[in-house]
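*Asks:* So that we are looking at the same thing, I have put the structure below in structure tokens.
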Amino acid sequence: MTIADVLLSILWLALFIYTIFGGADFGAGMLELFATGESGARQAALIDESIGPVWESNHVWLIFLLVVFFSAFPPAFAAINVVLFIPLLLAVIGIVLRGSSFVFKTHGSIQKSRNVKILSRTFSVASAMTPFFLALAAAAIASGVIHIHNKSQVVTNTGSDWLTPFTLTIGAMALSLCVTISAIYLTVEATSRGETELAEAFRQRGLIAGALTAAFGLLGLILSPSEAAFLWHGMLDKAIPIVIVTMLVGVAAAAALWFRRYTWARILIVAETAFLLLSWGISQYPYIIPPDVTATNASSPLETQQFLLVGIIIALIIVIPSLWFLFYVFKLKKVETGAGDVAQKPAE
């Protein structure tokens, strides 16, 4: 195993962490769109309280991923940002709109219910934009339509290559997966507060979103032979066992949610996400951008990668405990100040 392989593994780990934490936040924003009925205000309050302490810190992993990717594999990073400029820009716009609308509606001084509703809808729509366009870009890369010659010349169509039935299907699957993750997390949060009605509401939405995730995943497999042949053959050659495990874990997660074993459902949905991303990574390895760019021919100089790896180790030793400490402090502060009582407030 080379240093480039180690850095690829670190990139996969950062993507996984961002998916299970940042994806849960994006899913919570989409769930707020459906916070209706008698318990709608309480659902929205629980969502805001649950993501409040961590929603911004989760982007640390996206920034970490981008910095490592740029430093370790600069030709691949440059090509992706040129070819997929539009979907990546839309994903960034989603992050900006989501963050600003969430801050203004939860911590701002806006009192008019109409303005709060507009901010809430902006928050929900922006929460869908980012995972959709990031997954769409990833699907376009896996499709093998980005061709690079002499490590610099990019030959591709910057429009139609990332707007195909396959990429749109994977984008939709990312949305339903984020909602599934978030709904399961919220069932645990609601249960810990004794809010069985809210737990049941999120349970039902988690089951629906999980079924949609499975349906989109199946459609993606059906489309792969014609629209992502490289990925399809890589899966058949190297990743079939992982794909089977992913399906079995997904069924187990659905069963745990169905029988209201929420803690087990949370563990299993995290495992399913890990196996899903692992099956994609193994199917595409050793290519970063199939069929031309590998971890070897896109690597930065060895000295750069060695220095980067040392820096990553030091950074992770500092950052991970700090994030957990901040999460603990914010959660403890909410308990001490009784902020959790907000979820009990009736609709105004």
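By order in the structure tokens, chains are A, B, ...; within a chain, residues start at 1; ligands start at 1, following the order shown.
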Do you have, as a tab-separated table, the list of residues of segment 163-233 of chain A lying at most 12 Å from segment 137-151 of chain A, each with its nearest atom pair and that distance in Å to one decimal, counting only C-alpha atoms and ordered by chain then number?
*Replies:*
residue	atom	partner	partner_atom	distance
A:Leu163	CA	A:Ala140	CA	8.2
A:Thr164	CA	A:Ala140	CA	8.4
A:Pro165	CA	A:Ala139	CA	10.4
A:Phe166	CA	A:Ala139	CA	7.3
A:Thr167	CA	A:Ala139	CA	5.1
A:Leu168	CA	A:Ala139	CA	8.5
A:Thr169	CA	A:Ala139	CA	9.0
A:Ile170	CA	A:Ala139	CA	6.5
A:Gly171	CA	A:Ala139	CA	7.9
A:Ala172	CA	A:Ala139	CA	11.2
A:Met173	CA	A:Ala139	CA	11.0
A:Ala174	CA	A:Ala139	CA	10.6
A:Gly220	CA	A:Ala139	CA	9.9
A:Leu223	CA	A:Ser143	CA	10.5
A:Ser224	CA	A:Ser143	CA	8.1
A:Pro225	CA	A:Ser143	CA	9.9
A:Ser226	CA	A:Ser143	CA	9.5
A:Glu227	CA	A:Ser143	CA	6.3
A:Ala228	CA	A:Ser143	CA	4.1
A:Ala229	CA	A:Ser143	CA	7.0
A:Phe230	CA	A:Gly144	CA	6.5
A:Leu231	CA	A:Ala142	CA	6.1
A:Trp232	CA	A:Ser143	CA	9.2
A:His233	CA	A:Ser143	CA	11.4
*Asks:* Would you save the residues from that selection as a short mmCIF file (atom, residue, chain, number, x, y, z; two decimals), in the first residue's frame, using N, CA, C and O atoms?
*Replies:*
data_model
loop_
_atom_site.label_atom_id
_atom_site.label_comp_id
_atom_site.auth_asym_id
_atom_site.auth_seq_id
_atom_site.Cartn_x
_atom_site.Cartn_y
_atom_site.Cartn_z
N LEU A 163 -26.14 15.51 -16.28
CA LEU A 163 -27.60 15.49 -16.24
C LEU A 163 -28.10 14.29 -17.03
O LEU A 163 -28.58 14.42 -18.16
N THR A 164 -27.94 13.12 -16.44
CA THR A 164 -28.36 11.87 -17.08
C THR A 164 -29.31 11.15 -16.13
O THR A 164 -29.38 11.47 -14.93
N PRO A 165 -30.06 10.18 -16.63
CA PRO A 165 -30.93 9.41 -15.73
C PRO A 165 -30.18 8.79 -14.56
O PRO A 165 -30.70 8.74 -13.44
N PHE A 166 -28.93 8.34 -14.79
CA PHE A 166 -28.15 7.72 -13.73
C PHE A 166 -27.77 8.73 -12.66
O PHE A 166 -27.96 8.49 -11.46
N THR A 167 -27.24 9.89 -13.08
CA THR A 167 -26.82 10.88 -12.09
C THR A 167 -28.02 11.44 -11.31
O THR A 167 -27.94 11.66 -10.10
N LEU A 168 -29.13 11.65 -12.00
CA LEU A 168 -30.33 12.15 -11.31
C LEU A 168 -30.86 11.12 -10.32
O LEU A 168 -31.35 11.48 -9.24
N THR A 169 -30.75 9.84 -10.69
CA THR A 169 -31.20 8.78 -9.78
C THR A 169 -30.34 8.74 -8.52
O THR A 169 -30.85 8.62 -7.40
N ILE A 170 -29.03 8.84 -8.70
CA ILE A 170 -28.13 8.82 -7.54
C ILE A 170 -28.33 10.07 -6.69
O ILE A 170 -28.27 10.01 -5.44
N GLY A 171 -28.60 11.21 -7.32
CA GLY A 171 -28.90 12.41 -6.57
C GLY A 171 -30.15 12.24 -5.72
O GLY A 171 -30.19 12.63 -4.55
N ALA A 172 -31.19 11.64 -6.31
CA ALA A 172 -32.42 11.39 -5.56
C ALA A 172 -32.20 10.39 -4.43
O ALA A 172 -32.76 10.53 -3.34
N MET A 173 -31.35 9.38 -4.68
CA MET A 173 -31.05 8.40 -3.63
C MET A 173 -30.33 9.06 -2.46
O MET A 173 -30.57 8.73 -1.30
N ALA A 174 -29.45 10.02 -2.75
CA ALA A 174 -28.75 10.74 -1.69
C ALA A 174 -29.74 11.51 -0.82
O ALA A 174 -29.61 11.54 0.41
N GLY A 220 -30.64 2.65 -9.84
CA GLY A 220 -29.26 2.96 -10.19
C GLY A 220 -28.51 1.74 -10.69
O GLY A 220 -27.73 1.82 -11.65
N LEU A 223 -29.59 1.02 -14.24
CA LEU A 223 -29.04 1.97 -15.21
C LEU A 223 -27.53 1.84 -15.38
O LEU A 223 -26.97 2.28 -16.40
N SER A 224 -26.84 1.26 -14.39
CA SER A 224 -25.38 1.22 -14.41
C SER A 224 -24.76 0.56 -15.64
O SER A 224 -23.79 1.09 -16.20
N PRO A 225 -25.24 -0.60 -16.10
CA PRO A 225 -24.59 -1.23 -17.26
C PRO A 225 -24.52 -0.35 -18.49
O PRO A 225 -23.55 -0.41 -19.26
N SER A 226 -25.52 0.50 -18.71
CA SER A 226 -25.53 1.33 -19.90
C SER A 226 -24.93 2.72 -19.68
O SER A 226 -24.34 3.29 -20.59
N GLU A 227 -25.06 3.26 -18.46
CA GLU A 227 -24.65 4.64 -18.22
C GLU A 227 -23.42 4.77 -17.33
O GLU A 227 -22.84 5.85 -17.24
N ALA A 228 -23.04 3.71 -16.65
CA ALA A 228 -21.83 3.72 -15.81
C ALA A 228 -21.17 2.35 -15.90
O ALA A 228 -20.99 1.67 -14.89
N ALA A 229 -20.81 1.98 -17.12
CA ALA A 229 -20.31 0.62 -17.37
C ALA A 229 -19.03 0.34 -16.58
O ALA A 229 -18.84 -0.78 -16.09
N PHE A 230 -18.16 1.34 -16.46
CA PHE A 230 -16.92 1.13 -15.72
C PHE A 230 -17.22 0.77 -14.27
O PHE A 230 -16.65 -0.18 -13.71
N LEU A 231 -18.13 1.51 -13.66
CA LEU A 231 -18.50 1.25 -12.28
C LEU A 231 -19.19 -0.10 -12.15
O LEU A 231 -18.97 -0.85 -11.19
N TRP A 232 -20.03 -0.44 -13.11
CA TRP A 232 -20.76 -1.70 -13.09
C TRP A 232 -19.81 -2.89 -13.13
O TRP A 232 -19.93 -3.82 -12.33
N HIS A 233 -18.85 -2.85 -14.04
CA HIS A 233 -17.90 -3.97 -14.15
C HIS A 233 -16.99 -4.03 -12.92
O HIS A 233 -16.62 -5.13 -12.48
#
*Asks:* Counting only C-alpha atoms, figure out which residue out of A:Ile269, A:Ala255, A:Ile93, A:Ile282 gets nearest to Asp237 of chain A.
*Replies:*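 For Asp237 of chain A, the nearest of the candidates is A:Ile282.
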*Asks:* Point out the residue among A:Met247, A:Leu277, A:Leu221, A:Val60 with the least atom-to-atom distance to Leu316 of chain A, counting only C-alpha atoms.
*Replies:* A:Val60
*Asks:* For a quick check of understanding, using only C-alpha atoms, which of A:Pro131, A:Phe77, A:Glu32, A:Glu197 has the smallest distance to Lys117 of chain A?
*Replies:*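 Smallest distance to Lys117 of chain A is found for A:Glu32.
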*Asks:* May I have the residues within 10 Å of Asp5 of chain A as a list of chain:residue names, using only C-alpha atoms and disregarding those fewer than 6 positions away in the same chain?
*Replies:* A:Leu11, A:Tyr285, A:Pro286, A:Ala295, A:Thr296
*Asks:* Could you dump the residues just selected with N, CA and C atoms as a short mmCIF file (atom, residue, chain, number, x, y, z; two decimals), in the first residue's frame?
*Replies:*
data_model
loop_
_atom_site.label_atom_id
_atom_site.label_comp_id
_atom_site.auth_asym_id
_atom_site.auth_seq_id
_atom_site.Cartn_x
_atom_site.Cartn_y
_atom_site.Cartn_z
N LEU A 11 -9.60 10.08 2.64
CA LEU A 11 -10.67 10.80 1.94
C LEU A 11 -12.00 10.06 2.08
N TYR A 285 -11.94 1.83 -7.42
CA TYR A 285 -10.50 1.77 -7.15
C TYR A 285 -9.78 1.02 -8.27
N PRO A 286 -8.58 1.49 -8.68
CA PRO A 286 -7.76 2.58 -8.13
C PRO A 286 -7.98 3.92 -8.82
N ALA A 295 -4.97 7.01 -8.60
CA ALA A 295 -4.31 7.60 -7.44
C ALA A 295 -2.82 7.76 -7.67
N THR A 296 -2.27 6.97 -8.58
CA THR A 296 -0.84 7.03 -8.86
C THR A 296 -0.49 8.17 -9.79
#
*Asks:* Residues of segment 117-313 of chain A classed as helix (DSSP H, G or I) by DSSP on the backbone are to be reported as number ranges by chain.
*Replies:* A: 117-142, 160-162, 165-192, 196-227, 229-258, 262-284, 302-313
*Asks:* Of the candidates A:Met235, A:Leu134, A:Ile289, A:Leu207, which shows the shortest atom-to-atom distance to Ile86 of chain A, using only C-alpha atoms?
*Replies:* A:Leu134
*Asks:* Which of these residues is nearest to Val68 of chain A, using only C-alpha atoms: A:Ser299, A:Thr36, A:Asn115, A:Gln204?
*Replies:*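 Nearest to Val68 of chain A: A:Ser299.
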*Asks:* May I ask for the distance between atom CA of Val243 of chain A and atom CA of Ala128 of chain A, given in Å to one decimal place?
*Replies:*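 Between atom CA of Val243 of chain A and atom CA of Ala128 of chain A the gap is 25.9 Å.
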*Asks:* Could you please write out, as a ChimeraX atom specification, every residue of segment 259-335 of chain A that DSSP assigns to strand (DSSP E or B)?
*Replies:* /A:287-289,293-294
*Asks:* I'd like to know which of A:Ala252, A:Thr106, A:Leu13, A:Ile3 is closest to Ala45 of chain A, using only C-alpha atoms.
*Replies:* A:Thr106
*Asks:* If you measure from atom CA of Val83 of chain A to atom CA of Ser283 of chain A, what distance in Å do you get, rounded to one decimal?
*Replies:*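 Answer for the atom CA of Val83 of chain A to atom CA of Ser283 of chain A separation: 22.1 Å.
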